[in-house]
Structures are given as structure tokens and as C-alpha cells.
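Peer 1: Sharing final_3.cif (mmCIF, C-alpha atoms (C1' of nucleotides)) below.
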data_input
loop_
_atom_site.label_atom_id
_atom_site.label_comp_id
_atom_site.auth_asym_id
_atom_site.auth_seq_id
_atom_site.Cartn_x
_atom_site.Cartn_y
_atom_site.Cartn_z
CA MET M 1 44.24 258.17 1.70
CA ASN M 2 43.22 260.41 -1.18
CA LEU M 3 41.68 259.66 -4.54
CA ASP M 4 44.98 259.41 -6.41
CA GLU M 5 46.42 256.95 -3.94
CA LYS M 6 43.32 254.81 -4.27
CA LYS M 7 43.57 254.85 -8.05
CA LYS M 8 47.19 253.83 -7.80
CA ILE M 9 46.36 250.87 -5.59
CA LEU M 10 43.60 249.74 -7.94
CA LYS M 11 46.05 249.82 -10.82
CA GLU M 12 48.77 248.01 -8.89
CA LYS M 13 46.42 245.21 -8.00
CA GLY M 14 45.62 244.67 -11.65
CA TYR M 15 42.23 246.33 -11.81
CA SER M 16 41.29 248.66 -14.67
CA LEU M 17 40.56 252.21 -13.76
CA THR M 18 37.14 252.24 -15.29
CA PHE M 19 34.93 255.25 -15.55
CA GLN M 20 32.46 253.62 -13.16
CA ARG M 21 35.00 252.81 -10.47
CA ILE M 22 36.33 256.31 -10.45
CA ALA M 23 32.84 257.75 -10.28
CA ILE M 24 32.06 255.60 -7.24
CA LEU M 25 35.32 256.42 -5.50
CA GLU M 26 34.90 260.11 -6.21
CA TYR M 27 31.36 260.13 -4.94
CA LEU M 28 32.29 258.41 -1.69
CA GLU M 29 35.24 260.74 -1.28
CA ASN M 30 33.00 263.80 -1.24
CA CYS M 31 29.98 262.30 0.43
CA LYS M 32 29.95 262.55 4.20
CA THR M 33 26.62 260.85 4.77
CA HIS M 34 27.74 257.20 4.73
CA PRO M 35 25.35 256.28 1.94
CA SER M 36 23.62 252.98 1.29
CA VAL M 37 23.87 251.20 -2.06
CA GLU M 38 20.53 252.68 -3.01
CA MET M 39 21.69 256.21 -2.24
CA ILE M 40 24.89 255.76 -4.21
CA TYR M 41 22.89 254.40 -7.10
CA GLU M 42 20.41 257.28 -7.05
CA GLU M 43 23.09 259.95 -6.94
CA LEU M 44 25.29 258.48 -9.63
CA ARG M 45 22.26 257.94 -11.82
CA LYS M 46 21.50 261.64 -11.74
CA LYS M 47 24.84 262.38 -13.25
CA TYR M 48 25.25 259.30 -15.42
CA PRO M 49 21.84 257.93 -16.41
CA VAL M 50 23.27 254.63 -17.61
CA PHE M 51 24.79 253.16 -14.49
CA SER M 52 23.85 249.69 -13.46
CA LYS M 53 23.14 248.71 -9.90
CA ALA M 54 25.01 245.43 -10.39
CA THR M 55 28.10 247.44 -11.24
CA ILE M 56 27.75 249.34 -8.02
CA TYR M 57 27.41 246.15 -6.01
CA ASN M 58 30.38 244.59 -7.79
CA ASN M 59 32.67 247.53 -7.41
CA LEU M 60 31.79 248.29 -3.83
CA GLN M 61 32.96 244.77 -3.07
CA VAL M 62 36.17 245.22 -5.05
CA LEU M 63 36.94 248.54 -3.37
CA LYS M 64 36.11 247.14 0.03
CA ASN M 65 38.32 244.09 -0.44
CA LEU M 66 41.24 246.31 -1.41
CA GLY M 67 40.66 248.33 1.74
CA LEU M 68 39.91 251.53 -0.14
CA ILE M 69 36.51 252.02 1.43
CA TRP M 70 34.68 250.79 4.51
CA GLU M 71 31.50 248.85 4.66
CA LEU M 72 29.95 249.84 7.96
CA GLU M 73 28.45 247.42 10.45
CA ILE M 74 26.45 249.84 12.50
CA GLU M 75 22.79 249.58 11.59
CA SER M 76 21.58 246.02 11.72
CA GLY M 77 20.63 244.60 8.37
CA LYS M 78 21.48 247.80 6.56
CA VAL M 79 24.65 248.37 4.58
CA ARG M 80 26.38 251.73 4.51
CA PHE M 81 29.70 252.83 3.06
CA ASP M 82 32.41 255.22 4.15
CA GLY M 83 35.00 256.60 1.75
CA ASN M 84 37.53 256.88 4.55
CA PRO M 85 39.04 253.49 5.36
CA GLU M 86 41.25 254.69 8.19
CA PHE M 87 40.28 253.71 11.73
CA HIS M 88 37.70 255.91 13.36
CA PRO M 89 34.62 255.20 15.46
CA HIS M 90 31.11 256.06 14.27
CA PHE M 91 28.07 257.50 15.95
CA LEU M 92 24.54 256.57 14.87
CA CYS M 93 21.80 258.96 15.93
CA LYS M 94 18.65 257.10 16.95
CA GLU M 95 16.57 260.16 16.20
CA CYS M 96 17.61 261.35 12.74
CA GLY M 97 19.37 258.18 11.65
CA LYS M 98 22.49 260.05 10.57
CA ILE M 99 25.91 258.50 11.01
CA PHE M 100 28.77 260.70 12.18
CA ASP M 101 32.51 260.13 12.02
CA LEU M 102 34.28 260.44 15.34
CA TYR M 103 37.94 261.17 15.71
CA VAL M 104 38.88 260.38 19.26
CA GLY M 105 42.59 260.12 18.64
CA GLU M 106 44.91 258.21 20.93
CA GLU M 107 42.27 257.80 23.59
CA SER M 108 40.38 255.33 21.44
CA LYS M 109 43.27 252.93 21.56
CA LYS M 110 43.01 252.45 25.28
CA PHE M 111 40.72 249.46 25.11
CA PRO M 112 42.24 246.01 24.60
CA GLN M 113 43.86 245.63 21.20
CA GLU M 114 44.72 241.99 21.71
CA ILE M 115 42.53 239.10 22.78
CA GLU M 116 44.18 236.05 24.27
CA GLY M 117 44.21 233.22 21.75
CA TYR M 118 42.65 235.18 18.90
CA ARG M 119 44.31 236.94 15.99
CA VAL M 120 42.79 240.42 15.96
CA GLU M 121 42.94 242.06 12.55
CA GLU M 122 40.44 244.85 12.91
CA ILE M 123 38.40 246.64 15.53
CA ARG M 124 35.24 248.63 15.00
CA ILE M 125 33.61 250.86 17.54
CA ASN M 126 30.06 252.15 17.28
CA TYR M 127 28.34 254.67 19.50
CA TYR M 128 24.56 255.02 19.61
CA GLY M 129 22.49 257.84 21.00
CA ILE M 130 21.31 261.33 20.14
CA CYS M 131 23.42 263.72 18.07
CA SER M 132 23.97 267.35 19.02
CA GLN M 133 21.57 268.71 16.40
CA CYS M 134 18.73 266.51 17.59
CA ARG M 135 19.43 267.36 21.22
CA LYS M 136 19.02 271.05 20.46
CA LYS M 137 15.78 270.48 18.58
CA ARG M 138 14.34 268.57 21.52
CA LYS M 139 14.63 271.52 23.86
CA MET T 1 19.40 239.34 33.22
CA ASN T 2 17.72 235.93 33.45
CA LEU T 3 14.57 234.57 31.88
CA ASP T 4 12.33 235.45 34.79
CA GLU T 5 13.47 239.03 34.89
CA LYS T 6 12.79 239.32 31.17
CA LYS T 7 9.32 237.92 31.60
CA LYS T 8 8.68 240.40 34.35
CA ILE T 9 9.70 243.32 32.19
CA LEU T 10 7.50 242.12 29.32
CA LYS T 11 4.56 241.98 31.70
CA GLU T 12 5.30 245.40 33.20
CA LYS T 13 5.38 247.00 29.80
CA GLY T 14 1.96 245.66 29.00
CA TYR T 15 2.86 242.78 26.72
CA SER T 16 1.28 239.37 27.10
CA LEU T 17 3.55 236.51 28.00
CA THR T 18 2.62 234.43 25.01
CA PHE T 19 3.81 230.94 24.38
CA GLN T 20 5.76 232.17 21.34
CA ARG T 21 7.55 234.99 23.13
CA ILE T 22 8.69 232.71 25.88
CA ALA T 23 9.87 230.10 23.38
CA ILE T 24 11.97 232.72 21.59
CA LEU T 25 13.42 234.12 24.80
CA GLU T 26 14.17 230.65 26.08
CA TYR T 27 15.85 229.63 22.85
CA LEU T 28 18.07 232.71 22.79
CA GLU T 29 18.90 232.22 26.44
CA ASN T 30 20.41 228.81 25.79
CA CYS T 31 21.80 229.40 22.33
CA LYS T 32 25.36 230.66 22.27
CA THR T 33 25.74 230.87 18.49
CA HIS T 34 24.18 234.31 17.88
CA PRO T 35 21.59 232.92 15.48
CA SER T 36 20.02 234.60 12.49
CA VAL T 37 16.26 234.87 12.07
CA GLU T 38 16.38 231.85 9.78
CA MET T 39 18.23 229.77 12.36
CA ILE T 40 15.80 230.74 15.11
CA TYR T 41 12.93 229.85 12.83
CA GLU T 42 14.40 226.45 11.89
CA GLU T 43 15.10 225.49 15.47
CA LEU T 44 11.79 226.56 16.91
CA ARG T 45 9.99 224.84 14.05
CA LYS T 46 11.55 221.53 14.98
CA LYS T 47 9.99 221.74 18.39
CA TYR T 48 6.80 223.56 17.50
CA PRO T 49 5.82 222.86 13.88
CA VAL T 50 3.29 225.68 13.80
CA PHE T 51 5.38 228.76 14.35
CA SER T 52 5.15 231.56 11.86
CA LYS T 53 8.14 233.48 10.64
CA ALA T 54 6.16 236.69 10.87
CA THR T 55 5.74 236.06 14.58
CA ILE T 56 9.45 235.64 14.98
CA TYR T 57 10.15 238.89 13.17
CA ASN T 58 7.51 240.71 15.21
CA ASN T 59 8.66 239.45 18.54
CA LEU T 60 12.35 239.87 17.94
CA GLN T 61 11.59 243.55 17.38
CA VAL T 62 9.50 243.75 20.54
CA LEU T 63 12.17 242.04 22.64
CA LYS T 64 14.89 244.17 21.13
CA ASN T 65 13.03 247.40 21.77
CA LEU T 66 12.55 246.45 25.40
CA GLY T 67 16.27 245.81 25.66
CA LEU T 68 15.83 242.13 26.50
CA ILE T 69 17.94 240.90 23.61
CA TRP T 70 20.58 242.36 21.31
CA GLU T 71 20.43 242.67 17.59
CA LEU T 72 24.06 242.55 16.54
CA GLU T 73 25.64 244.95 14.09
CA ILE T 74 28.72 242.98 13.26
CA GLU T 75 28.38 241.31 9.88
CA SER T 76 27.39 243.78 7.25
CA GLY T 77 23.95 243.17 5.88
CA LYS T 78 23.30 240.19 8.12
CA VAL T 79 21.17 240.17 11.23
CA ARG T 80 22.11 238.13 14.29
CA PHE T 81 20.71 238.03 17.79
CA ASP T 82 22.22 237.65 21.23
CA GLY T 83 20.17 236.68 24.26
CA ASN T 84 22.48 238.59 26.56
CA PRO T 85 21.77 242.33 26.40
CA GLU T 86 24.51 243.33 28.83
CA PHE T 87 27.56 245.12 27.44
CA HIS T 88 30.23 242.87 25.98
CA PRO T 89 32.32 243.05 22.82
CA HIS T 90 32.02 240.47 20.05
CA PHE T 91 34.55 238.73 17.87
CA LEU T 92 33.73 237.65 14.31
CA CYS T 93 36.01 235.00 12.81
CA LYS T 94 36.66 235.67 9.14
CA GLU T 95 37.45 232.01 8.59
CA CYS T 96 34.61 230.05 10.18
CA GLY T 97 32.14 232.90 10.45
CA LYS T 98 31.39 232.22 14.11
CA ILE T 99 30.71 235.03 16.51
CA PHE T 100 32.20 234.86 20.00
CA ASP T 101 31.30 236.77 23.14
CA LEU T 102 34.22 238.54 24.76
CA TYR T 103 34.31 239.53 28.38
CA VAL T 104 37.15 241.99 28.78
CA GLY T 105 36.03 243.36 32.11
CA GLU T 106 37.13 246.74 33.42
CA GLU T 107 39.75 247.22 30.76
CA SER T 108 37.10 247.70 28.11
CA LYS T 109 35.81 250.78 29.86
CA LYS T 110 38.99 252.74 29.38
CA PHE T 111 38.08 254.15 25.99
CA PRO T 112 35.98 257.32 25.77
CA GLN T 113 32.48 256.82 27.14
CA GLU T 114 31.38 260.35 26.43
CA ILE T 115 31.51 262.32 23.22
CA GLU T 116 31.38 266.12 23.42
CA GLY T 117 27.96 267.37 22.36
CA TYR T 118 26.40 263.94 21.85
CA ARG T 119 24.26 261.90 24.20
CA VAL T 120 25.84 258.46 24.22
CA GLU T 121 23.38 255.73 25.15
CA GLU T 122 25.18 252.64 23.98
CA ILE T 123 28.56 251.50 22.77
CA ARG T 124 29.29 248.44 20.70
CA ILE T 125 32.71 247.04 20.02
CA ASN T 126 33.45 244.46 17.35
CA TYR T 127 36.68 242.60 16.79
CA TYR T 128 37.45 240.85 13.50
CA GLY T 129 40.10 238.26 12.78
CA ILE T 130 40.80 234.57 13.25
CA CYS T 131 39.53 232.63 16.23
CA SER T 132 41.70 230.28 18.25
CA GLN T 133 40.17 227.12 16.78
CA CYS T 134 40.83 228.25 13.21
CA ARG T 135 44.37 229.30 14.08
CA LYS T 136 45.12 225.81 15.33
CA LYS T 137 43.67 224.21 12.23
CA ARG T 138 45.84 226.35 9.98
CA LYS T 139 49.05 225.02 11.40
"C1'" DC H 1 -21.41 231.21 31.14
"C1'" DC H 2 -21.74 234.05 26.98
"C1'" DG H 3 -20.26 237.21 23.56
"C1'" DA H 4 -17.70 241.43 22.14
"C1'" DG H 5 -13.21 243.52 21.75
"C1'" DG H 6 -8.40 243.42 21.56
"C1'" DA H 7 -3.87 241.53 21.26
"C1'" DG H 8 -1.37 238.18 19.04
"C1'" DT H 9 -0.55 234.69 15.51
"C1'" DT H 10 -0.66 232.61 11.03
"C1'" DG H 11 0.17 231.84 6.11
"C1'" DA H 12 0.32 233.90 1.91
"C1'" DA H 13 1.43 237.45 -0.97
"C1'" DA H 14 3.97 241.62 -1.91
"C1'" DT H 15 8.02 244.18 -1.53
"C1'" DT H 16 12.87 245.00 -1.25
"C1'" DA H 17 17.67 243.76 -1.38
"C1'" DT H 18 21.19 241.04 -3.27
"C1'" DT H 19 23.40 237.76 -6.30
"C1'" DA H 20 24.02 235.19 -10.58
"C1'" DA H 21 24.20 234.33 -15.52
"C1'" DA H 22 24.48 235.67 -20.25
"C1'" DA H 23 25.14 239.01 -23.74
"C1'" DA H 24 27.16 243.38 -25.03
"C1'" DT H 25 30.74 246.64 -24.47
"C1'" DT H 26 35.15 248.44 -23.18
"C1'" DT H 27 39.90 248.03 -22.10
"C1'" DT H 28 44.26 245.93 -22.48
"C1'" DT H 29 47.59 243.31 -24.85
"C1'" DT H 30 49.92 241.88 -28.75
"C1'" DA R 1 43.94 246.92 -35.58
"C1'" DA R 2 42.62 242.28 -33.99
"C1'" DA R 3 42.27 239.02 -30.26
"C1'" DA R 4 41.87 238.22 -25.49
"C1'" DA R 5 40.61 239.62 -21.05
"C1'" DA R 6 38.06 242.37 -18.04
"C1'" DT R 7 34.06 244.94 -17.04
"C1'" DT R 8 29.39 246.53 -17.53
"C1'" DT R 9 24.64 245.93 -18.58
"C1'" DT R 10 20.39 243.62 -18.64
"C1'" DT R 11 17.57 240.24 -17.15
"C1'" DA R 12 16.43 236.65 -14.21
"C1'" DA R 13 16.77 234.19 -9.85
"C1'" DT R 14 17.21 234.06 -4.98
"C1'" DA R 15 16.87 235.62 -0.26
"C1'" DA R 16 15.28 238.63 3.37
"C1'" DT R 17 11.74 241.31 5.23
"C1'" DT R 18 7.20 243.44 5.54
"C1'" DT R 19 2.36 243.64 4.98
"C1'" DC R 20 -2.22 242.08 5.45
"C1'" DA R 21 -6.61 239.73 6.04
"C1'" DA R 22 -8.40 235.92 8.43
"C1'" DC R 23 -8.27 233.35 12.47
"C1'" DT R 24 -7.39 232.18 17.49
"C1'" DC R 25 -7.10 232.95 22.11
"C1'" DC R 26 -7.70 235.79 26.16
"C1'" DT R 27 -10.03 238.99 29.05
"C1'" DC R 28 -13.69 241.58 30.76
"C1'" DG R 29 -18.49 243.11 31.49
"C1'" DG R 30 -22.92 241.58 31.66
#
Represent the supplied structure as C-alpha cells.
Peer 2:
Amino acid sequence: MNLDEKKKILKEKGYSLTFQRIAILEYLENCKTHPSVEMIYEELRKKYPVFSKATIYNNLQVLKNLGLIWELEIESGKVRFDGNPEFHPHFLCKECGKIFDLYVGEESKKFPQEIEGYRVEEIRINYYGICSQCRKKRK
Amino acid sequence: MNLDEKKKILKEKGYSLTFQRIAILEYLENCKTHPSVEMIYEELRKKYPVFSKATIYNNLQVLKNLGLIWELEIESGKVRFDGNPEFHPHFLCKECGKIFDLYVGEESKKFPQEIEGYRVEEIRINYYGICSQCRKKRK
DNA sequence: CCGAGGAGTTGAAATTATTAAAAATTTTTT
DNA sequence: AAAAAATTTTTAATAATTTCAACTCCTCGG
């Protein structure tokens, strides 16, 4: 889902395409580091000095609820965002703390998609360990 | 892993088996609701009125780092604990907010355990949706 | 048995993250 | 262009977590 599609959905759902919302969407689109609220705030501030943190909190919720971005549940107690809302597992490196996107394709659908008695709407898969960069450094 | 095994590991790693640590371990062992720090604090307070929150924070970290309990990454921004550190997926109900343990057996091991280039140490799987109780209520 | 040293605990204060409320501004509608 | 609605900003309140100095409880050597 690209930026224009996201804008279109916002519009369709009755939300204004404000300057701030677009800036947030655009930033997340280009940012591959799965930033926290604080990081998003810092970066957008550099470009646009008047940018309120409350606005960022508000809009991240709006965008998340529309399914345009992902709020990651991978690092306990810490909130991170991903501009790509399509299903893919994540990898958190215990050494450098970076989060990586994984694209494991069809294979990742081999685990149970249904649970008896429950209505499953979403599945999230997190891997934890050491990333390739950190493994090389160790040697 | 039962309580005695956990105690043994604590001892082996050079930690004292304090009253507080055992109380926390014991509580998590019997509690199936994946409590937050606040809930653990409230409950233990009822029994032992002098129990500091700082102690709970400290010891939850100690127990987690030894792998005796799980800190769940399932509800963004919120911290929950599970006394059972053995692999099992979780289900978060969007309606009632409860977290359920899932035991999907061998099936759950069919998805990729290894990721090219990375050292995978742990995998966590979260399901989101509506639990069976809430589904019944809806009708 | 005593006292020093260390690990652990406590309670309070400080810090950080998040949410809420009210006023100001912008956008949309008419 | 004016009125209404939506959004942003600022400030304040709340909640979660960490820090820290004082205190307690063990343990060990004398």
C-alpha cells in the first residue's frame, strides 16, 4: 500500500488530509527503523519546528485504526511503528536493538491460522536473537 | 518448569531465595491471567502489606533475565507477565482484553524456525481477535 | 557471639510516557 | 466569506517506571 492509497483511504473515511498527517505518513513510508513516538517527534521537529507531540499521538492512533500503519508489539513496554501494514514477521536484535522486517512468504502461513472456538483476526510473529551485522562484529 | 526448579536455578545463579522472590514466583505460578505489574503489586500487597513496588520491578527483571518467567509483548505499550516460560502462543481478545494461553502442539513448529543470516533464539506468536466467551455473548 | 560487608528491600522522589482538556487555528461546508 | 466542524497546539493531569539513600537481614571471619 503506497502513500497515495493511504491518502485516499483517509479521505474516504472522512478524515481531512492535514499537513501533519501527510508528514507522519510520509516519514513512516521512508523510515525503515520502526521508530518510537519520540523518534518520530524528533525527526519531524527538525523539518517542521512547530509540531506537537499530542498531534503525533493522536494521528498515530487514527492511522493505526484505519490499518494504514502498524503499531508493533515486539519490545515489552515500548511502542514502535511500521509504515507497512501488510503481514510480515519482525526480528528484534538483542544486541543492537534494531528491528528488521522479515519476508518469509508462503512458508510463514504454515502455522495454525485458526484456533478452535476463537475468531482469529490477526496474527503477529516476532523473532528474537542476534542480527547478521552483530554476529559478524562478534567474531 | 515448576517452582522448585525455578528456585534451584535462582540459587545456582547466585541469587538469594528471598521471601519476596518466592512470593512473586508463587503468585505467577498460580495466576493464569497474565497480570500487569500493578496487578501483581495489588495482589501481593493484600497478603503482605509491606511489599515495595520497586522490589517487584527489580525482581521481575531478574526472573525474566534468568528465563524463569515471560514478559509478554502482546499489547502495545503494556507489560504483562506469564509464569510459564515454555514456548506457547498467546491470544489477546479485543473485546474483553483477556490474554489466553494456546497450546497448538507440533503444528506450531511448522513455520520457519531459522532465518538466513540471523541467530534465532526465541519466537513469539500472538493471535488477536475475539475469544469464545465474547463470541457467545454477542449472539 | 559480635561486628563488618554485601545483597536485597523499602519508600519517596524524580523521570518519562501518555492522555485529557481548553483555547487557537485550520479546513470544510454552505 | 461566514459559520460549523475538525484538527492542532499548549498546558495540565495522570500513569508507569526508574533512581536513590536509608534501612534490614544474612553471612562470614574473628
Peer 1: Show me, as a PyMOL selection string, every residue of chain M with an atom at most 10 Å from chain H, counting only C-alpha atoms (C1' of nucleotides).
Peer 2: chain M and resi 16-18+37-38+54+57-58+78
Peer 1: So how far away is CA of His88 (chain T) from CA of Glu121 (chain T), in Å?
Peer 2: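 Atom-to-atom, CA of Glu121 (chain T) and CA of His88 (chain T) are spaced 14.6 Å apart.
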Peer 1: Specify as a PyMOL selection string all residues of chain R found within 8 Å of chain M, counting all atoms listed in the file.
Peer 2: chain R and resi 6+8-9
Peer 1: Between M:Ile74, M:Ile69, M:Ile22, M:Cys96, which residue has the minimum interatomic distance to chain T, considering all atoms listed in the file?
Peer 2: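 For chain T, the nearest of the given residues is M:Ile74.
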Peer 1: How many Å lie between CA of Leu25 (chain M) and CA of Lys7 (chain M), rounded to one decimal?
Peer 2: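 Separation of CA of Leu25 (chain M) and CA of Lys7 (chain M): 8.8 Å.
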Peer 1: Measure the distance from CA of Glu26 (chain T) to CA of Phe87 (chain T) in Å and round it to one decimal.
Peer 2: 19.8 Å
